Amino acid sequence: MLRFLESMQFMLFVFFTAAYAYQIVYLFVGLIGKGRGGRENAKLHRYAAVVAARNESAVIANLIRTLKEQNYPSELLDIYVIADNCTDNTAQISRQAGAYVYERFNKVQVGKGYALEYLFHHIFEDKGETAYDGFFVFDADNIVDRDFVREMNKMFDTGEYTALTSYRNSQNFCANWISAGYALWFLRESRFLNRPRTQLGVNCAVSGTGFLVSAQAVREDAGWPYHLLTEDIEFSIHEILQGRKIAFCPDAVLYDEQPTTFRQSWRQRLRWSKGYLQVFQRYGTRLLGGVLRGNFSCFDMSMAIMPAFVLSTVSLASNLALAVWGVWTGGSILIALQSLGQMLLSMYLTLFVIGAITTVTERRHIHTGRARRVLYAFTFPLFMFTYLPISLAALFSKGEWKPI
């Protein structure tokens, strides 16, 4: 038994080291690279910004206002809101703010994916399938930088990409360690994952909000047939498997609002973890086929949706089992816990380095004092550690999960 547990621990270590070593290359590219830009003399395309909103009356006017204030011709940017199963006055506020509004009431097909599918269907029906060149997708609690659309248009006009994702910053970084944990994760995703991917010609993954997709792709996909819990990742993988390109626009800045309570965070990340498992279950075989054909984007996305924190939980469990076994067989408890302590320390230090590098390199985007930036770099590993029980709960949860 002891030898089996030690072998499992060693095999997991080798797997993680081999599978994720390429992200060290991403780290260096993110540190020294400048990112890929678009055309300065780009043609001005016609876009629609689409927002799926459920009971968002408190925040949606702010998003519409920042879209109305874009440094981009207003006649080339229409705003649509799908008020999805709302019980408040989201629809009324959105109309007053200047958006086209559709209302949807469906208690069976619940979630953002279904809402977007409904909205795209009506836009094509009412405006025609060629009215727009592309669609921006936002969440209701977002706000965007004044040059967001103009910067995205520069890259879209190159004609190389089917979809573009943006630089995701946070409105409430310094609310507490939970919001800071989210913020650092998304800053790290922008700087050290998506930017290197685009520089190296590897596909990015869109991250829920603040992205642009070509109208041609939406037409070819017959709308938005992505209904898993993580429909953004499902869309990304589908596009990659179709041979389309998704890139990162570093100069298009989106500000998202992050959860501030552990209960909110737990529920959200539990849905994400369950959604990753759903996507892995549905697309894992096709992604593996792409890997075997030498498609590095398929390998990268496999690592992104691989239930890594579930495997980390297994590794942690094996270390605990080794400790218990050592005590049970009469060994010293200090020796028995040594392996567990070393694993936790190495995980903490790795995550701390990631958080610290992100904090230093992206400090101009973190609007808080130096002391808080240092504090949140130290607490970032604690935020990430909470994924261990969340992933385990997702792995063993039963019943149907629906987006909310």
# chains A, B, ... in the order shown; residues from 1 in each chain; ligands from 1

$ select_by_dssp --residues "stretch 72-158 of chain A" --states "strand (DSSP E)" --output "JSON, numbers by chain"
{"A": [77, 78, 79, 80, 81, 82, 83, 84, 100, 101, 102, 103, 104, 134, 135, 136, 137, 138, 139, 143, 144]}

$ select_by_dssp --residues "stretch 66-286 of chain A" --states "helix (DSSP H, G or I)" --output "number ranges by chain"
A: 66-68, 74-76, 90-97, 112-127, 148-156, 173-175, 177-200, 215-220, 231-241, 262-286

$ write_last_selection --atoms "C-alpha atoms" --output "JSON list (two decimals), in the first residue's frame"
[["chain", "number", "residue", "atom", "x", "y", "z"],
["A", 66, "THR", "CA", -19.60, 53.40, -21.51],
["A", 67, "LEU", "CA", -20.58, 51.82, -24.83],
["A", 68, "LYS", "CA", -22.36, 55.02, -25.86],
["A", 74, "SER", "CA", -21.99, 55.73, -32.81],
["A", 75, "GLU", "CA", -23.81, 54.83, -36.02],
["A", 76, "LEU", "CA", -21.51, 51.79, -36.34],
["A", 90, "THR", "CA", -33.84, 45.71, -16.34],
["A", 91, "ALA", "CA", -35.65, 45.98, -19.69],
["A", 92, "GLN", "CA", -37.04, 49.43, -18.96],
["A", 93, "ILE", "CA", -33.71, 50.82, -17.73],
["A", 94, "SER", "CA", -31.91, 49.38, -20.76],
["A", 95, "ARG", "CA", -34.36, 51.02, -23.16],
["A", 96, "GLN", "CA", -34.06, 54.35, -21.38],
["A", 97, "ALA", "CA", -30.25, 54.10, -21.62],
["A", 112, "LYS", "CA", -26.64, 32.73, -20.88],
["A", 113, "GLY", "CA", -26.09, 30.40, -23.83],
["A", 114, "TYR", "CA", -29.82, 30.04, -24.48],
["A", 115, "ALA", "CA", -30.36, 33.78, -24.00],
["A", 116, "LEU", "CA", -27.67, 34.63, -26.57],
["A", 117, "GLU", "CA", -29.06, 32.08, -29.00],
["A", 118, "TYR", "CA", -32.50, 33.71, -28.70],
["A", 119, "LEU", "CA", -31.02, 37.18, -29.17],
["A", 120, "PHE", "CA", -28.94, 36.30, -32.24],
["A", 121, "HIS", "CA", -31.96, 34.64, -33.83],
["A", 122, "HIS", "CA", -34.04, 37.82, -33.44],
["A", 123, "ILE", "CA", -31.25, 40.15, -34.57],
["A", 124, "PHE", "CA", -30.80, 38.15, -37.77],
["A", 125, "GLU", "CA", -34.57, 38.00, -38.27],
["A", 126, "ASP", "CA", -35.17, 41.71, -37.64],
["A", 127, "LYS", "CA", -31.98, 43.29, -39.02],
["A", 148, "PHE", "CA", -12.25, 49.43, -26.39],
["A", 149, "VAL", "CA", -14.16, 49.10, -29.67],
["A", 150, "ARG", "CA", -11.56, 51.03, -31.69],
["A", 151, "GLU", "CA", -8.70, 48.81, -30.47],
["A", 152, "MET", "CA", -10.65, 45.61, -31.10],
["A", 153, "ASN", "CA", -11.54, 46.86, -34.58],
["A", 154, "LYS", "CA", -7.86, 47.33, -35.41],
["A", 155, "MET", "CA", -7.17, 43.63, -34.86],
["A", 156, "PHE", "CA", -10.46, 42.43, -36.31],
["A", 173, "PHE", "CA", -9.67, 44.77, -6.96],
["A", 174, "CYS", "CA", -9.09, 45.99, -3.42],
["A", 175, "ALA", "CA", -12.51, 45.12, -1.93],
["A", 177, "TRP", "CA", -8.76, 39.07, -0.72],
["A", 178, "ILE", "CA", -11.48, 37.25, -2.69],
["A", 179, "SER", "CA", -11.99, 39.98, -5.29],
["A", 180, "ALA", "CA", -8.20, 40.46, -5.43],
["A", 181, "GLY", "CA", -7.73, 36.75, -6.08],
["A", 182, "TYR", "CA", -10.07, 36.88, -9.05],
["A", 183, "ALA", "CA", -8.48, 40.07, -10.34],
["A", 184, "LEU", "CA", -4.95, 38.67, -10.20],
["A", 185, "TRP", "CA", -6.08, 35.50, -11.94],
["A", 186, "PHE", "CA", -7.61, 37.43, -14.85],
["A", 187, "LEU", "CA", -4.62, 39.78, -15.09],
["A", 188, "ARG", "CA", -2.33, 36.77, -15.18],
["A", 189, "GLU", "CA", -4.53, 35.16, -17.84],
["A", 190, "SER", "CA", -4.26, 38.28, -20.00],
["A", 191, "ARG", "CA", -0.52, 38.91, -19.58],
["A", 192, "PHE", "CA", 0.94, 35.42, -19.25],
["A", 193, "LEU", "CA", -1.48, 33.18, -21.12],
["A", 194, "ASN", "CA", -3.43, 35.00, -23.83],
["A", 195, "ARG", "CA", -0.76, 37.51, -24.85],
["A", 196, "PRO", "CA", 1.93, 34.84, -25.35],
["A", 197, "ARG", "CA", -0.57, 32.62, -27.15],
["A", 198, "THR", "CA", -1.27, 35.33, -29.70],
["A", 199, "GLN", "CA", 2.41, 36.19, -30.12],
["A", 200, "LEU", "CA", 3.24, 32.52, -30.71],
["A", 215, "ALA", "CA", -20.86, 37.63, -37.61],
["A", 216, "GLN", "CA", -19.78, 35.11, -40.22],
["A", 217, "ALA", "CA", -18.89, 32.59, -37.50],
["A", 218, "VAL", "CA", -22.21, 33.16, -35.74],
["A", 219, "ARG", "CA", -24.06, 32.59, -39.01],
["A", 220, "GLU", "CA", -22.08, 29.46, -39.83],
["A", 231, "GLU", "CA", -20.36, 28.09, -22.68],
["A", 232, "ASP", "CA", -17.42, 30.45, -23.30],
["A", 233, "ILE", "CA", -14.93, 27.58, -23.11],
["A", 234, "GLU", "CA", -17.25, 25.38, -25.16],
["A", 235, "PHE", "CA", -17.35, 28.08, -27.86],
["A", 236, "SER", "CA", -13.55, 28.47, -27.76],
["A", 237, "ILE", "CA", -12.89, 24.77, -28.19],
["A", 238, "HIS", "CA", -15.47, 24.44, -30.94],
["A", 239, "GLU", "CA", -13.81, 27.27, -32.87],
["A", 240, "ILE", "CA", -10.37, 25.72, -32.45],
["A", 241, "LEU", "CA", -11.61, 22.33, -33.64],
["A", 262, "PHE", "CA", -16.84, 33.38, -0.13],
["A", 263, "ARG", "CA", -20.35, 32.01, -0.66],
["A", 264, "GLN", "CA", -20.70, 33.82, -3.99],
["A", 265, "SER", "CA", -17.21, 32.75, -4.98],
["A", 266, "TRP", "CA", -17.80, 29.13, -4.02],
["A", 267, "ARG", "CA", -21.01, 28.89, -6.07],
["A", 268, "GLN", "CA", -19.48, 30.58, -9.09],
["A", 269, "ARG", "CA", -16.30, 28.53, -9.14],
["A", 270, "LEU", "CA", -18.22, 25.33, -8.44],
["A", 271, "ARG", "CA", -20.20, 26.01, -11.62],
["A", 272, "TRP", "CA", -16.96, 26.71, -13.49],
["A", 273, "SER", "CA", -15.37, 23.50, -12.25],
["A", 274, "LYS", "CA", -18.45, 21.49, -13.15],
["A", 275, "GLY", "CA", -18.53, 23.22, -16.52],
["A", 276, "TYR", "CA", -14.90, 22.31, -17.22],
["A", 277, "LEU", "CA", -15.73, 18.70, -16.50],
["A", 278, "GLN", "CA", -18.70, 18.91, -18.87],
["A", 279, "VAL", "CA", -16.56, 20.38, -21.65],
["A", 280, "PHE", "CA", -13.81, 17.83, -21.04],
["A", 281, "GLN", "CA", -16.36, 15.04, -21.22],
["A", 282, "ARG", "CA", -17.88, 16.31, -24.47],
["A", 283, "TYR", "CA", -14.77, 17.49, -26.34],
["A", 284, "GLY", "CA", -11.89, 15.60, -24.70],
["A", 285, "THR", "CA", -11.71, 12.87, -27.35],
["A", 286, "ARG", "CA", -11.71, 15.35, -30.24]]

$ closest_residue --among "A:Ile32, A:Ala247, A:Val253, A:Ile357" --to "A:Asn142" --atoms "only C-alpha atoms"
A:Val253

$ closest_residue --among "A:Cys249, A:Ala19, A:Ile390, A:Val110" --to "A:Asp147" --atoms "only C-alpha atoms"
A:Cys249

$ residues_around --residues "stretch 42-56 of chain A" --least-positions-apart "6" --cutoff "7 Å" --atoms "only C-alpha atoms" --output "list of chain:residue names"
A:Leu76, A:Leu77, A:Asp78, A:Ile79, A:Tyr80, A:Val81, A:Ile82, A:Ala83, A:Asp84, A:Asn85, A:Cys86, A:Thr87, A:Asp88, A:Thr90, A:Lys112, A:Ala115, A:Leu116, A:Tyr132, A:Asp133, A:Gly134, A:Phe135, A:Phe136, A:Val137, A:Phe138, A:Asp139, A:Ala140, A:Asn153, A:Lys154, A:Asp157

$ atom_distance --atom1 "atom CA of A:Phe383" --atom2 "atom CA of A:Leu351"
9.7 Å

$ closest_residue --among "A:Tyr255, A:Trp224, A:Phe385, A:Tyr20" --to "A:Asn169" --atoms "only C-alpha atoms"
A:Tyr255

$ closest_residue --among "A:Cys298, A:Leu228, A:Ala222, A:Leu288" --to "A:Arg244" --atoms "only C-alpha atoms"
A:Cys298

$ decode --residues "stretch 200-211 of chain A" --atoms "N, CA, C and O atoms" --output "PDB file, in the first residue's frame"
ATOM      1  N   LEU A 200       2.677  33.779 -30.208  1.00  0.00           N
ATOM      2  CA  LEU A 200       3.239  32.524 -30.714  1.00  0.00           C
ATOM      3  C   LEU A 200       2.335  31.847 -31.733  1.00  0.00           C
ATOM      4  O   LEU A 200       2.655  30.761 -32.219  1.00  0.00           O
ATOM      5  N   GLY A 201       1.196  32.451 -32.038  1.00  0.00           N
ATOM      6  CA  GLY A 201       0.294  31.870 -33.022  1.00  0.00           C
ATOM      7  C   GLY A 201      -0.569  30.755 -32.495  1.00  0.00           C
ATOM      8  O   GLY A 201      -1.096  29.941 -33.268  1.00  0.00           O
ATOM      9  N   VAL A 202      -0.733  30.690 -31.173  1.00  0.00           N
ATOM     10  CA  VAL A 202      -1.575  29.681 -30.536  1.00  0.00           C
ATOM     11  C   VAL A 202      -2.925  30.315 -30.222  1.00  0.00           C
ATOM     12  O   VAL A 202      -3.015  31.504 -29.905  1.00  0.00           O
ATOM     13  N   ASN A 203      -3.990  29.534 -30.280  1.00  0.00           N
ATOM     14  CA  ASN A 203      -5.323  30.065 -30.023  1.00  0.00           C
ATOM     15  C   ASN A 203      -5.520  30.428 -28.560  1.00  0.00           C
ATOM     16  O   ASN A 203      -5.048  29.720 -27.655  1.00  0.00           O
ATOM     17  N   CYS A 204      -6.239  31.518 -28.333  1.00  0.00           N
ATOM     18  CA  CYS A 204      -6.674  31.901 -26.995  1.00  0.00           C
ATOM     19  C   CYS A 204      -8.037  31.265 -26.700  1.00  0.00           C
ATOM     20  O   CYS A 204      -8.675  30.691 -27.578  1.00  0.00           O
ATOM     21  N   ALA A 205      -8.471  31.420 -25.463  1.00  0.00           N
ATOM     22  CA  ALA A 205      -9.829  31.064 -25.086  1.00  0.00           C
ATOM     23  C   ALA A 205     -10.531  32.334 -24.636  1.00  0.00           C
ATOM     24  O   ALA A 205      -9.948  33.136 -23.909  1.00  0.00           O
ATOM     25  N   VAL A 206     -11.763  32.540 -25.088  1.00  0.00           N
ATOM     26  CA  VAL A 206     -12.506  33.692 -24.591  1.00  0.00           C
ATOM     27  C   VAL A 206     -12.927  33.398 -23.156  1.00  0.00           C
ATOM     28  O   VAL A 206     -13.102  32.246 -22.762  1.00  0.00           O
ATOM     29  N   SER A 207     -13.083  34.449 -22.393  1.00  0.00           N
ATOM     30  CA  SER A 207     -13.276  34.278 -20.953  1.00  0.00           C
ATOM     31  C   SER A 207     -14.595  34.882 -20.492  1.00  0.00           C
ATOM     32  O   SER A 207     -14.632  35.793 -19.683  1.00  0.00           O
ATOM     33  N   GLY A 208     -15.692  34.389 -21.043  1.00  0.00           N
ATOM     34  CA  GLY A 208     -16.999  34.735 -20.529  1.00  0.00           C
ATOM     35  C   GLY A 208     -17.561  36.058 -20.984  1.00  0.00           C
ATOM     36  O   GLY A 208     -18.745  36.182 -21.264  1.00  0.00           O
ATOM     37  N   THR A 209     -16.732  37.077 -21.035  1.00  0.00           N
ATOM     38  CA  THR A 209     -17.219  38.419 -21.335  1.00  0.00           C
ATOM     39  C   THR A 209     -16.117  39.237 -21.985  1.00  0.00           C
ATOM     40  O   THR A 209     -14.943  38.867 -21.957  1.00  0.00           O
ATOM     41  N   GLY A 210     -16.505  40.353 -22.605  1.00  0.00           N
ATOM     42  CA  GLY A 210     -15.528  41.244 -23.208  1.00  0.00           C
ATOM     43  C   GLY A 210     -14.842  40.672 -24.425  1.00  0.00           C
ATOM     44  O   GLY A 210     -13.661  40.910 -24.651  1.00  0.00           O
ATOM     45  N   PHE A 211     -15.590  39.929 -25.250  1.00  0.00           N
ATOM     46  CA  PHE A 211     -14.965  39.373 -26.453  1.00  0.00           C
ATOM     47  C   PHE A 211     -15.775  39.734 -27.685  1.00  0.00           C
ATOM     48  O   PHE A 211     -16.941  40.159 -27.609  1.00  0.00           O
TER      49      PHE A 211
END
